[in-house]
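Listing of target19.cif, mmCIF, C-alpha atoms and all ligand atoms
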data_upload
#
loop_
_atom_site.group_PDB
_atom_site.id
_atom_site.type_symbol
_atom_site.label_atom_id
_atom_site.label_comp_id
_atom_site.auth_asym_id
_atom_site.auth_seq_id
_atom_site.Cartn_x
_atom_site.Cartn_y
_atom_site.Cartn_z
ATOM 1 C CA MET Y 9 -15.359 48.494 -40.022
ATOM 2 C CA LYS Y 10 -13.540 51.647 -41.018
ATOM 3 C CA ILE Y 11 -9.765 51.792 -40.799
ATOM 4 C CA TYR Y 12 -7.873 55.046 -41.370
ATOM 5 C CA TYR Y 13 -4.295 54.875 -42.637
ATOM 6 C CA THR Y 14 -1.551 57.385 -43.313
ATOM 7 C CA ASP Y 15 1.484 55.266 -44.177
ATOM 8 C CA THR Y 16 1.297 56.490 -47.779
ATOM 9 C CA PHE Y 17 2.708 59.820 -46.529
ATOM 10 C CA LYS Y 18 6.383 58.851 -46.406
ATOM 11 C CA ILE Y 19 8.814 60.438 -43.978
ATOM 12 C CA PRO Y 20 12.537 60.731 -44.668
ATOM 13 C CA LEU Y 21 14.597 58.868 -42.056
ATOM 14 C CA PRO Y 22 18.303 58.100 -41.833
ATOM 15 C CA GLU Y 23 19.422 54.508 -42.545
ATOM 16 C CA ASN Y 24 19.124 52.201 -39.528
ATOM 17 C CA HIS Y 25 16.868 54.582 -37.618
ATOM 18 C CA SER Y 26 15.037 52.621 -34.904
ATOM 19 C CA PHE Y 27 11.584 53.937 -35.887
ATOM 20 C CA PRO Y 28 9.759 51.009 -37.570
ATOM 21 C CA LYS Y 29 8.827 52.914 -40.698
ATOM 22 C CA ASP Y 30 7.524 49.927 -42.699
ATOM 23 C CA LYS Y 31 5.352 48.473 -39.938
ATOM 24 C CA ASN Y 32 2.096 50.220 -40.744
ATOM 25 C CA TYR Y 33 2.375 49.512 -44.451
ATOM 26 C CA LEU Y 34 3.072 45.819 -43.762
ATOM 27 C CA LEU Y 35 0.086 45.716 -41.449
ATOM 28 C CA ARG Y 36 -2.180 47.287 -44.035
ATOM 29 C CA LYS Y 37 -0.966 44.733 -46.571
ATOM 30 C CA ARG Y 38 -1.712 41.921 -44.108
ATOM 31 C CA ILE Y 39 -5.220 43.255 -43.529
ATOM 32 C CA SER Y 40 -5.959 43.420 -47.229
ATOM 33 C CA GLU Y 41 -4.680 39.873 -47.672
ATOM 34 C CA LEU Y 42 -6.330 38.235 -44.688
ATOM 35 C CA ILE Y 43 -9.490 40.141 -43.838
ATOM 36 C CA ASP Y 44 -12.360 39.995 -46.292
ATOM 37 C CA ASP Y 45 -12.512 43.357 -48.035
ATOM 38 C CA GLN Y 46 -16.251 43.399 -47.426
ATOM 39 C CA ALA Y 47 -15.503 43.462 -43.697
ATOM 40 C CA VAL Y 48 -13.160 46.442 -43.655
ATOM 41 C CA ASP Y 49 -13.202 49.808 -45.343
ATOM 42 C CA MET Y 50 -9.726 51.386 -45.483
ATOM 43 C CA ARG Y 51 -9.516 55.121 -46.007
ATOM 44 C CA VAL Y 52 -7.132 58.056 -45.924
ATOM 45 C CA PRO Y 53 -8.495 60.591 -43.393
ATOM 46 C CA GLU Y 54 -8.760 64.357 -43.627
ATOM 47 C CA PRO Y 55 -5.786 66.130 -42.045
ATOM 48 C CA ALA Y 56 -6.241 67.741 -38.620
ATOM 49 C CA SER Y 57 -6.730 71.518 -38.754
ATOM 50 C CA ASP Y 58 -4.852 74.098 -36.675
ATOM 51 C CA GLU Y 59 -8.082 74.668 -34.774
ATOM 52 C CA ASP Y 60 -8.172 70.980 -33.822
ATOM 53 C CA ILE Y 61 -4.521 70.891 -32.822
ATOM 54 C CA LEU Y 62 -4.736 74.060 -30.734
ATOM 55 C CA ARG Y 63 -7.221 72.433 -28.374
ATOM 56 C CA ALA Y 64 -4.258 70.463 -27.021
ATOM 57 C CA HIS Y 65 -1.140 72.419 -27.971
ATOM 58 C CA ASP Y 66 0.549 75.701 -27.233
ATOM 59 C CA PRO Y 67 0.140 78.069 -30.232
ATOM 60 C CA ALA Y 68 3.814 79.104 -30.244
ATOM 61 C CA TYR Y 69 4.937 75.457 -30.267
ATOM 62 C CA LEU Y 70 2.562 74.580 -33.099
ATOM 63 C CA LYS Y 71 3.757 77.538 -35.142
ATOM 64 C CA ARG Y 72 7.411 76.587 -34.694
ATOM 65 C CA PHE Y 73 6.679 72.930 -35.518
ATOM 66 C CA LEU Y 74 4.826 73.877 -38.711
ATOM 67 C CA LYS Y 75 7.507 76.309 -39.850
ATOM 68 C CA GLY Y 76 10.504 74.140 -39.032
ATOM 69 C CA GLU Y 77 11.721 76.461 -36.277
ATOM 70 C CA LEU Y 78 12.202 73.903 -33.508
ATOM 71 C CA THR Y 79 15.691 73.847 -31.991
ATOM 72 C CA ASP Y 80 18.055 70.927 -32.589
ATOM 73 C CA LYS Y 81 17.632 70.011 -28.941
ATOM 74 C CA GLU Y 82 13.835 69.896 -29.263
ATOM 75 C CA ILE Y 83 14.092 67.723 -32.378
ATOM 76 C CA ARG Y 84 16.600 65.379 -30.704
ATOM 77 C CA ARG Y 85 14.168 64.936 -27.831
ATOM 78 C CA VAL Y 86 11.568 63.649 -30.296
ATOM 79 C CA GLY Y 87 14.112 61.481 -32.091
ATOM 80 C CA LEU Y 88 12.545 61.901 -35.545
ATOM 81 C CA PRO Y 89 14.207 64.466 -37.825
ATOM 82 C CA TRP Y 90 11.975 67.429 -38.690
ATOM 83 C CA SER Y 91 10.905 67.720 -42.328
ATOM 84 C CA PRO Y 92 7.925 69.174 -44.222
ATOM 85 C CA GLU Y 93 6.935 65.543 -44.855
ATOM 86 C CA ILE Y 94 6.742 64.788 -41.139
ATOM 87 C CA VAL Y 95 4.504 67.813 -40.603
ATOM 88 C CA ARG Y 96 2.189 66.508 -43.302
ATOM 89 C CA ARG Y 97 2.191 62.939 -42.043
ATOM 90 C CA THR Y 98 1.591 64.112 -38.457
ATOM 91 C CA ARG Y 99 -1.412 66.202 -39.494
ATOM 92 C CA TYR Y 100 -2.930 63.225 -41.302
ATOM 93 C CA SER Y 101 -2.125 60.843 -38.456
ATOM 94 C CA VAL Y 102 -3.873 63.126 -35.958
ATOM 95 C CA GLY Y 103 -6.719 63.426 -38.464
ATOM 96 C CA ALA Y 104 -6.965 59.629 -38.512
ATOM 97 C CA THR Y 105 -7.572 59.505 -34.763
ATOM 98 C CA ILE Y 106 -10.178 62.261 -35.042
ATOM 99 C CA ALA Y 107 -11.874 60.344 -37.866
ATOM 100 C CA ALA Y 108 -11.756 57.085 -35.891
ATOM 101 C CA CYS Y 109 -13.427 58.794 -32.910
ATOM 102 C CA ARG Y 110 -16.115 60.378 -35.065
ATOM 103 C CA THR Y 111 -16.845 57.079 -36.805
ATOM 104 C CA ALA Y 112 -16.840 55.124 -33.535
ATOM 105 C CA LEU Y 113 -19.653 57.341 -32.227
ATOM 106 C CA ASN Y 114 -21.864 56.146 -35.089
ATOM 107 C CA GLU Y 115 -20.505 52.656 -35.699
ATOM 108 C CA ARG Y 116 -19.268 51.628 -32.200
ATOM 109 C CA ILE Y 117 -15.631 51.103 -33.274
ATOM 110 C CA ALA Y 118 -13.079 52.386 -35.789
ATOM 111 C CA VAL Y 119 -9.305 52.165 -36.050
ATOM 112 C CA ASN Y 120 -6.395 54.454 -36.809
ATOM 113 C CA LEU Y 121 -3.628 52.320 -38.292
ATOM 114 C CA GLY Y 122 -1.107 54.519 -36.462
ATOM 115 C CA GLY Y 123 -1.463 57.245 -33.841
ATOM 116 C CA GLY Y 124 -1.074 56.902 -30.095
ATOM 117 C CA THR Y 125 1.607 59.608 -29.970
ATOM 118 C CA HIS Y 126 1.209 59.954 -26.232
ATOM 119 C CA HIS Y 127 4.610 61.439 -25.338
ATOM 120 C CA ALA Y 128 3.767 64.813 -26.907
ATOM 121 C CA PHE Y 129 3.174 67.580 -24.350
ATOM 122 C CA SER Y 130 1.371 70.860 -25.022
ATOM 123 C CA ASP Y 131 4.567 72.764 -25.804
ATOM 124 C CA HIS Y 132 7.134 70.112 -26.687
ATOM 125 C CA GLY Y 133 7.513 66.724 -28.282
ATOM 126 C CA GLN Y 134 9.310 63.623 -27.041
ATOM 127 C CA GLY Y 135 9.806 59.919 -27.826
ATOM 128 C CA TYR Y 136 8.816 59.917 -31.552
ATOM 129 C CA CYS Y 137 5.794 62.151 -30.832
ATOM 130 C CA TYR Y 138 5.357 65.731 -32.079
ATOM 131 C CA LEU Y 139 1.600 66.128 -31.537
ATOM 132 C CA ASN Y 140 -0.740 64.337 -29.131
ATOM 133 C CA ASP Y 141 -3.429 62.803 -31.354
ATOM 134 C CA THR Y 142 -5.338 61.334 -28.412
ATOM 135 C CA VAL Y 143 -5.973 64.626 -26.616
ATOM 136 C CA ILE Y 144 -6.629 66.497 -29.865
ATOM 137 C CA ALA Y 145 -9.219 63.907 -30.952
ATOM 138 C CA ALA Y 146 -10.908 63.684 -27.544
ATOM 139 C CA ARG Y 147 -11.314 67.458 -27.442
ATOM 140 C CA ALA Y 148 -12.490 67.597 -31.061
ATOM 141 C CA MET Y 149 -15.318 65.226 -30.129
ATOM 142 C CA GLN Y 150 -16.192 67.331 -27.091
ATOM 143 C CA ALA Y 151 -16.180 70.474 -29.233
ATOM 144 C CA GLY Y 152 -18.538 68.736 -31.654
ATOM 145 C CA GLY Y 153 -21.025 68.498 -28.798
ATOM 146 C CA ARG Y 154 -21.770 64.790 -28.902
ATOM 147 C CA VAL Y 155 -19.374 63.780 -26.163
ATOM 148 C CA LYS Y 156 -19.030 65.072 -22.624
ATOM 149 C CA ASN Y 157 -16.537 62.698 -21.043
ATOM 150 C CA VAL Y 158 -13.815 60.597 -22.617
ATOM 151 C CA LEU Y 159 -11.873 57.643 -21.192
ATOM 152 C CA ILE Y 160 -8.343 57.010 -22.465
ATOM 153 C CA ILE Y 161 -7.027 53.474 -21.982
ATOM 154 C CA ASP Y 162 -3.317 53.486 -22.680
ATOM 155 C CA CYS Y 163 -1.855 49.978 -22.946
ATOM 156 C CA ASP Y 164 1.355 51.019 -24.681
ATOM 157 C CA VAL Y 165 4.230 49.780 -22.500
ATOM 158 C CA HIS Y 166 5.449 53.351 -21.973
ATOM 159 C CA GLN Y 167 3.523 55.769 -19.773
ATOM 160 C CA GLY Y 168 1.260 58.221 -21.597
ATOM 161 C CA ASN Y 169 3.102 61.087 -19.959
ATOM 162 C CA GLY Y 170 2.235 63.815 -22.469
ATOM 163 C CA THR Y 171 -1.427 62.867 -22.336
ATOM 164 C CA ALA Y 172 -1.417 62.900 -18.520
ATOM 165 C CA ALA Y 173 0.339 66.272 -18.388
ATOM 166 C CA ILE Y 174 -1.967 68.017 -20.871
ATOM 167 C CA LEU Y 175 -5.058 66.645 -19.127
ATOM 168 C CA LYS Y 176 -3.873 67.156 -15.550
ATOM 169 C CA ASN Y 177 -6.543 69.756 -14.796
ATOM 170 C CA ASP Y 178 -9.235 68.438 -17.122
ATOM 171 C CA PRO Y 179 -11.847 66.432 -15.183
ATOM 172 C CA THR Y 180 -13.758 65.556 -18.380
ATOM 173 C CA ILE Y 181 -11.105 63.204 -19.787
ATOM 174 C CA PHE Y 182 -10.014 60.267 -17.629
ATOM 175 C CA THR Y 183 -6.537 58.888 -18.301
ATOM 176 C CA PHE Y 184 -5.606 55.289 -17.457
ATOM 177 C CA SER Y 185 -2.074 54.143 -18.260
ATOM 178 C CA ILE Y 186 -0.700 50.636 -17.602
ATOM 179 C CA HIS Y 187 3.051 50.583 -18.240
ATOM 180 C CA GLY Y 188 6.538 49.476 -17.269
ATOM 181 C CA LYS Y 189 7.655 51.100 -14.026
ATOM 182 C CA ASN Y 190 11.342 51.188 -14.949
ATOM 183 C CA ASN Y 191 10.885 52.112 -18.580
ATOM 184 C CA PHE Y 192 10.884 55.381 -20.535
ATOM 185 C CA PRO Y 193 9.688 58.038 -19.667
ATOM 186 C CA PHE Y 194 11.899 57.981 -16.602
ATOM 187 C CA GLN Y 195 10.164 60.986 -15.118
ATOM 188 C CA LYS Y 196 6.520 59.917 -14.981
ATOM 189 C CA GLU Y 197 3.520 62.226 -14.918
ATOM 190 C CA THR Y 198 0.353 61.517 -12.940
ATOM 191 C CA SER Y 199 -2.539 59.990 -14.893
ATOM 192 C CA ASP Y 200 -5.970 59.628 -13.285
ATOM 193 C CA LEU Y 201 -4.995 55.972 -12.880
ATOM 194 C CA ASP Y 202 -1.480 54.603 -13.298
ATOM 195 C CA ILE Y 203 -0.638 50.916 -12.997
ATOM 196 C CA GLU Y 204 3.112 50.332 -12.927
ATOM 197 C CA LEU Y 205 4.535 46.928 -13.754
ATOM 198 C CA GLU Y 206 7.917 45.460 -12.886
ATOM 199 C CA ASP Y 207 10.357 44.364 -15.591
ATOM 200 C CA GLY Y 208 9.584 40.878 -16.854
ATOM 201 C CA THR Y 209 5.854 40.963 -16.009
ATOM 202 C CA GLY Y 210 4.150 38.131 -17.913
ATOM 203 C CA ASP Y 211 0.680 37.446 -19.290
ATOM 204 C CA ALA Y 212 -1.173 36.364 -16.142
ATOM 205 C CA ALA Y 213 0.014 39.213 -13.912
ATOM 206 C CA TYR Y 214 -0.538 41.752 -16.679
ATOM 207 C CA LEU Y 215 -4.076 40.624 -17.420
ATOM 208 C CA ALA Y 216 -4.988 40.548 -13.713
ATOM 209 C CA ALA Y 217 -3.725 44.112 -13.288
ATOM 210 C CA LEU Y 218 -5.501 45.276 -16.444
ATOM 211 C CA GLU Y 219 -8.777 43.699 -15.315
ATOM 212 C CA LYS Y 220 -8.618 45.745 -12.112
ATOM 213 C CA GLY Y 221 -7.668 48.881 -14.008
ATOM 214 C CA MET Y 222 -10.532 48.532 -16.470
ATOM 215 C CA THR Y 223 -13.095 48.086 -13.711
ATOM 216 C CA ALA Y 224 -11.697 51.011 -11.718
ATOM 217 C CA SER Y 225 -11.565 53.322 -14.761
ATOM 218 C CA LEU Y 226 -15.083 52.553 -15.910
ATOM 219 C CA ASP Y 227 -16.375 53.052 -12.353
ATOM 220 C CA ALA Y 228 -14.535 56.354 -11.970
ATOM 221 C CA CYS Y 229 -15.759 58.169 -15.054
ATOM 222 C CA ASP Y 230 -19.019 58.530 -16.901
ATOM 223 C CA ALA Y 231 -17.491 58.212 -20.364
ATOM 224 C CA ASN Y 232 -19.335 58.597 -23.670
ATOM 225 C CA LEU Y 233 -16.330 57.587 -25.756
ATOM 226 C CA VAL Y 234 -13.153 55.565 -25.262
ATOM 227 C CA ILE Y 235 -9.790 55.866 -26.996
ATOM 228 C CA TYR Y 236 -7.744 52.667 -26.687
ATOM 229 C CA LEU Y 237 -3.979 52.777 -27.321
ATOM 230 C CA ALA Y 238 -3.159 49.181 -28.181
ATOM 231 C CA GLY Y 239 0.651 49.334 -28.154
ATOM 232 C CA ALA Y 240 2.430 46.182 -29.326
ATOM 233 C CA ASP Y 241 5.445 46.962 -27.153
ATOM 234 C CA PRO Y 242 4.576 45.010 -23.953
ATOM 235 C CA TYR Y 243 5.696 42.011 -26.091
ATOM 236 C CA LYS Y 244 8.573 39.978 -24.664
ATOM 237 C CA LYS Y 245 10.725 40.391 -27.792
ATOM 238 C CA ASP Y 246 10.211 44.141 -28.069
ATOM 239 C CA ARG Y 247 13.449 46.154 -28.140
ATOM 240 C CA PHE Y 248 12.073 48.833 -25.819
ATOM 241 C CA GLY Y 249 9.511 46.873 -23.830
ATOM 242 C CA ARG Y 250 11.061 45.241 -20.728
ATOM 243 C CA LEU Y 251 7.883 43.228 -20.099
ATOM 244 C CA ALA Y 252 7.344 39.594 -21.092
ATOM 245 C CA LEU Y 253 3.913 39.283 -22.674
ATOM 246 C CA THR Y 254 3.358 36.684 -25.391
ATOM 247 C CA LYS Y 255 1.256 37.198 -28.496
ATOM 248 C CA VAL Y 256 -1.463 35.097 -26.875
ATOM 249 C CA GLY Y 257 -1.356 37.329 -23.817
ATOM 250 C CA LEU Y 258 -1.602 40.454 -25.969
ATOM 251 C CA ALA Y 259 -4.595 39.008 -27.835
ATOM 252 C CA GLY Y 260 -6.145 38.382 -24.417
ATOM 253 C CA ARG Y 261 -5.472 42.003 -23.509
ATOM 254 C CA ASP Y 262 -7.399 43.267 -26.540
ATOM 255 C CA ARG Y 263 -10.313 40.957 -25.819
ATOM 256 C CA LEU Y 264 -10.351 41.958 -22.153
ATOM 257 C CA VAL Y 265 -10.495 45.678 -22.966
ATOM 258 C CA LEU Y 266 -13.143 45.247 -25.666
ATOM 259 C CA ARG Y 267 -15.248 42.903 -23.493
ATOM 260 C CA HIS Y 268 -15.459 45.586 -20.803
ATOM 261 C CA LEU Y 269 -16.326 48.269 -23.339
ATOM 262 C CA GLY Y 270 -18.928 46.064 -25.003
ATOM 263 C CA GLN Y 271 -20.589 45.357 -21.658
ATOM 264 C CA ALA Y 272 -20.606 49.072 -20.874
ATOM 265 C CA GLY Y 273 -22.007 49.848 -24.338
ATOM 266 C CA LEU Y 274 -19.195 52.303 -25.059
ATOM 267 C CA PRO Y 275 -17.915 53.292 -28.504
ATOM 268 C CA VAL Y 276 -14.163 52.996 -28.975
ATOM 269 C CA ALA Y 277 -11.529 54.421 -31.279
ATOM 270 C CA VAL Y 278 -8.441 52.206 -31.443
ATOM 271 C CA THR Y 279 -4.943 53.517 -32.159
ATOM 272 C CA LEU Y 280 -1.851 51.351 -32.510
ATOM 273 C CA ALA Y 281 0.839 53.284 -30.598
ATOM 274 C CA GLY Y 282 4.287 51.657 -30.218
ATOM 275 C CA GLY Y 283 5.659 48.314 -31.378
ATOM 276 C CA TYR Y 284 9.398 47.764 -31.810
ATOM 277 C CA ALA Y 285 9.785 44.002 -31.935
ATOM 278 C CA ARG Y 286 13.245 42.873 -33.099
ATOM 279 C CA GLN Y 287 11.462 41.164 -35.984
ATOM 280 C CA VAL Y 288 9.071 43.720 -37.456
ATOM 281 C CA MET Y 289 6.633 40.955 -38.449
ATOM 282 C CA ASP Y 290 6.097 40.153 -34.765
ATOM 283 C CA ALA Y 291 4.813 43.694 -34.219
ATOM 284 C CA VAL Y 292 2.673 43.315 -37.346
ATOM 285 C CA ASP Y 293 1.236 40.046 -35.920
ATOM 286 C CA ILE Y 294 0.348 41.755 -32.643
ATOM 287 C CA HIS Y 295 -1.287 44.772 -34.272
ATOM 288 C CA PHE Y 296 -3.113 42.414 -36.622
ATOM 289 C CA GLN Y 297 -4.552 40.554 -33.631
ATOM 290 C CA THR Y 298 -5.892 43.894 -32.399
ATOM 291 C CA LEU Y 299 -7.489 44.469 -35.804
ATOM 292 C CA ARG Y 300 -9.154 41.056 -35.678
ATOM 293 C CA ALA Y 301 -10.521 41.778 -32.198
ATOM 294 C CA ALA Y 302 -11.809 45.142 -33.429
ATOM 295 C CA VAL Y 303 -13.555 43.539 -36.413
ATOM 296 C CA ASP Y 304 -15.187 41.002 -34.066
ATOM 297 C CA PHE Y 305 -16.327 43.870 -31.834
ATOM 298 C CA TYR Y 306 -17.816 45.676 -34.831
ATOM 299 C CA TYR Y 307 -19.799 42.656 -36.005
ATOM 300 C CA ARG Y 308 -20.964 41.248 -32.684
ATOM 301 C CA LYS Y 309 -24.552 41.679 -31.498
ATOM 302 C CA LYS Y 310 -25.401 44.842 -29.609
ATOM 303 C CA THR Y 311 -25.467 44.509 -25.829
ATOM 304 C CA PRO Y 312 -28.482 45.622 -23.756
ATOM 305 C CA ALA Y 313 -26.478 48.688 -22.722
ATOM 306 C CA GLU Y 314 -26.012 49.677 -26.369
ATOM 307 C CA LEU Y 315 -29.664 49.075 -27.135
ATOM 308 C CA GLY Y 316 -30.543 51.330 -24.193
ATOM 309 C CA ILE Y 317 -32.304 48.576 -22.276
ATOM 310 C CA ALA Y 318 -32.084 48.928 -18.516
ATOM 311 C CA GLN Y 319 -30.667 45.924 -16.759
ATOM 312 C CA PHE Y 320 -31.889 44.857 -13.331
ATOM 313 C CA GLY Y 321 -30.373 42.546 -10.747
HETATM 314 ZN ZN ZN O 1 5.598 52.657 -26.397
#

If you took the structure in this file and wrote it as structure tokens, what would it be?
Amino acid sequence: MKIYYTDTFKIPLPENHSFPKDKNYLLRKRISELIDDQAVDMRVPEPASDEDILRAHDPAYLKRFLKGELTDKEIRRVGLPWSPEIVRRTRYSVGATIAACRTALNERIAVNLGGGTHHAFSDHGQGYCYLNDTVIAARAMQAGGRVKNVLIIDCDVHQGNGTAAILKNDPTIFTFSIHGKNNFPFQKETSDLDIELEDGTGDAAYLAALEKGMTASLDACDANLVIYLAGADPYKKDRFGRLALTKVGLAGRDRLVLRHLGQAGLPVAVTLAGGYARQVMDAVDIHFQTLRAAVDFYYRKKTPAELGIAQFG
């Protein structure tokens, strides 16, 4: 199974910044230690091009982001200081989601060991997100001609507000977000399907809600490709989560999503999105569980739907 990583492109951050800058590296290390290197193929992707990015973003915003001309206020809204290094890392991170989508179409699943920057709008960034990798990648696949409709399943604990806003008038990409009702972003956008959860929601209630959301989303759109944002931040010990899922519950979430997609015979690109556990290794554990579930999905037998066999009854 192919895994695309970009943590080798370092970004300068002030001391004690709340962005978990070592998380993706620690995760990659864990994968190389614990998953047979025959089973995974880890690669640095190609960077996203301007042409790719402009399918989701305002040209003036992109130009100012690339040239370092964003205002202090715009940069504060993102919460990550602008630097040439962050431009480079962002391009590669978006490229990793594009690569994961392209690979998933041939190999049923692939992973970006990052991405899920779903708070980026067409003309501004927010919440650690400058560019929206999900929308850029979905539209890159459509432009390539192999994909008509895309389903986005956003299980990060925060609403995918940028994604919803960019895709508001796009009937070809269905957005499903399951998130904390009282959590950031405080002004929500309207996804095609939003499921809002109260503070303190635990495993059983979360999984029941997700089950309904998966069925409804798959019924509502005729997708050829899925992008799954597997945020680790619904975890009970997450600093920014407000929900109360356990690691076992989060592993169940991954299996639930992938079971539905397997039954539907749909290819899926997985991105990691947020994860701000007080102990960084807890976030690494949760993302690692997602990786394990993805590897299992890659190696399992093809379903009748994937083999193109009609099912009756
Ligand atoms: Zn989040």

Protein and nucleic acid residues within 12 Å of ligand ZN 1 (chain O) (only C-alpha atoms and all ligand atoms) as a PyMOL selection string:
chain Y and resi 27+123-127+134-137+162-169+185-188+191-193+237-243+246-251+280-285+291

So, counting all atoms listed in the file, which residue among Y:His295, Y:His65, Y:Arg97, Y:Arg72 is closest to Asp15 in chain Y?
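The shortest atom-to-atom distance to Asp15 in chain Y comes from Y:Arg97.
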
How many Å separate CA of Arg261 in chain Y from CA of Gly273 in chain Y?
18.3 Å

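Across the model, the gap from CA of Gly221 in chain Y to CA of Leu253 in chain Y is 17.4 Å.
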
Interatomic distance between CA of Asp58 in chain Y and CA of Glu115 in chain Y?
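Separation between CA of Asp58 in chain Y and CA of Glu115 in chain Y: 26.6 Å.
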
Considering only C-alpha atoms, can you say which of Y:Lys244, Y:Thr223, Y:Thr79, Y:Phe194 comes closest to Asp207 in chain Y?
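Smallest distance to Asp207 in chain Y is found for Y:Lys244.
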
What's the 10 Å shell around Lys220 in chain Y, counting all atoms listed in the file, without same-chain residues fewer than 5 positions away, as JSON, numbers by chain?
{"Y": [203, 215, 225]}

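With distances restricted to all atoms listed in the file, Y:Gly133 is the closest residue to Lys81 in chain Y from Y:Gly133, Y:Gly122, Y:Pro67, Y:Gly316.
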
Matched chain/residue IDs from the PyMOL selection byres (((chain Y and resi 231) around 8) and not hetatm), as a PyMOL selection string:
chain Y and resi 156-159+226+229-230+232-234+274

Name the residues within 6 Å of (-7.1, 52.0, -40.1), counting only C-alpha atoms in the file's coordinates, and put them as a list in words.
Ile11, Tyr12, Tyr13, Val119, Asn120 and Leu121 of chain Y
